[in-house]
Amino acid sequence: MNYPIPAHPQEFVALRQNPVSEELIAAAIAGVIQVARSSGQSLDDLMAEVLADDALLDQEQRRWLGEIVAAAWEKLP
């Protein structure tokens, strides 16, 4: 992967400097999982945040993102 996985919330800002790509999105998802785990969140806690209603994603997009996050959670060390 060409992008470092963010270990701290502040490092996500640096990712915004790059054009959006599959690798960038994968790094961001891995970083979100890493930050969530390091702060003691469970997968259920993280899923509640992902599935929370917002103006950015519709319900189907949030569900799809939730599936990706859950799969990544299980695969990442």
# chains A, B, ... in the order shown; residues from 1 in each chain; ligands from 1
>>> residues_around(residues="Glu49 in chain A", least_positions_apart="3", cutoff="12 Å", atoms="only C-alpha atoms", output="list in words")
Val32, Ile33, Ala36, Gln41, Ser42, Leu43, Asp44, Asp45, Leu46, Ala52, Asp53, Asp54, Arg62, Arg63, Leu65, Gly66 and Val69 of chain A
>>> residues_around(residues="His8 in chain A", least_positions_apart="5", cutoff="10 Å", atoms="only C-alpha atoms", output="PDB file with C-alpha atoms, in the first residue's frame")
ATOM      1  CA  VAL A  13      -6.031  15.040   7.924  1.00  0.00           C
ATOM      2  CA  GLY A  31      -6.810   3.501  10.305  1.00  0.00           C
ATOM      3  CA  VAL A  32     -10.333   3.932  11.640  1.00  0.00           C
ATOM      4  CA  GLN A  34      -6.816   0.809  14.456  1.00  0.00           C
ATOM      5  CA  VAL A  35      -7.874   4.011  16.228  1.00  0.00           C
ATOM      6  CA  ALA A  36     -11.140   2.423  17.399  1.00  0.00           C
ATOM      7  CA  SER A  38      -6.683   1.508  20.525  1.00  0.00           C
TER       8      SER A  38
END
>>> residues_around(residues="Glu11 in chain A", least_positions_apart="5", cutoff="12 Å", atoms="only C-alpha atoms", output="ChimeraX atom specification")
/A:3-6,16-17,27-28,31-32,35
>>> write_last_selection(atoms="C-alpha atoms", output="PDB file, in the first residue's frame")
ATOM      1  CA  TYR A   3      -0.347   5.243   2.057  1.00  0.00           C
ATOM      2  CA  PRO A   4       0.524   4.877   5.734  1.00  0.00           C
ATOM      3  CA  ILE A   5      -2.250   3.597   7.944  1.00  0.00           C
ATOM      4  CA  PRO A   6      -3.208   6.420  10.301  1.00  0.00           C
ATOM      5  CA  ARG A  16      -7.005  14.430   2.669  1.00  0.00           C
ATOM      6  CA  GLN A  17      -4.043  15.868   0.762  1.00  0.00           C
ATOM      7  CA  ALA A  27      -5.779   2.960   4.432  1.00  0.00           C
ATOM      8  CA  ALA A  28      -8.480   5.176   5.932  1.00  0.00           C
ATOM      9  CA  GLY A  31      -6.810   3.501  10.305  1.00  0.00           C
ATOM     10  CA  VAL A  32     -10.333   3.932  11.640  1.00  0.00           C
ATOM     11  CA  VAL A  35      -7.874   4.011  16.228  1.00  0.00           C
TER      12      VAL A  35
END
>>> closest_residue(among="A:Asn2, A:Gln59, A:Ser39, A:Gln10", to="Ala26 in chain A", atoms="only C-alpha atoms")
A:Asn2
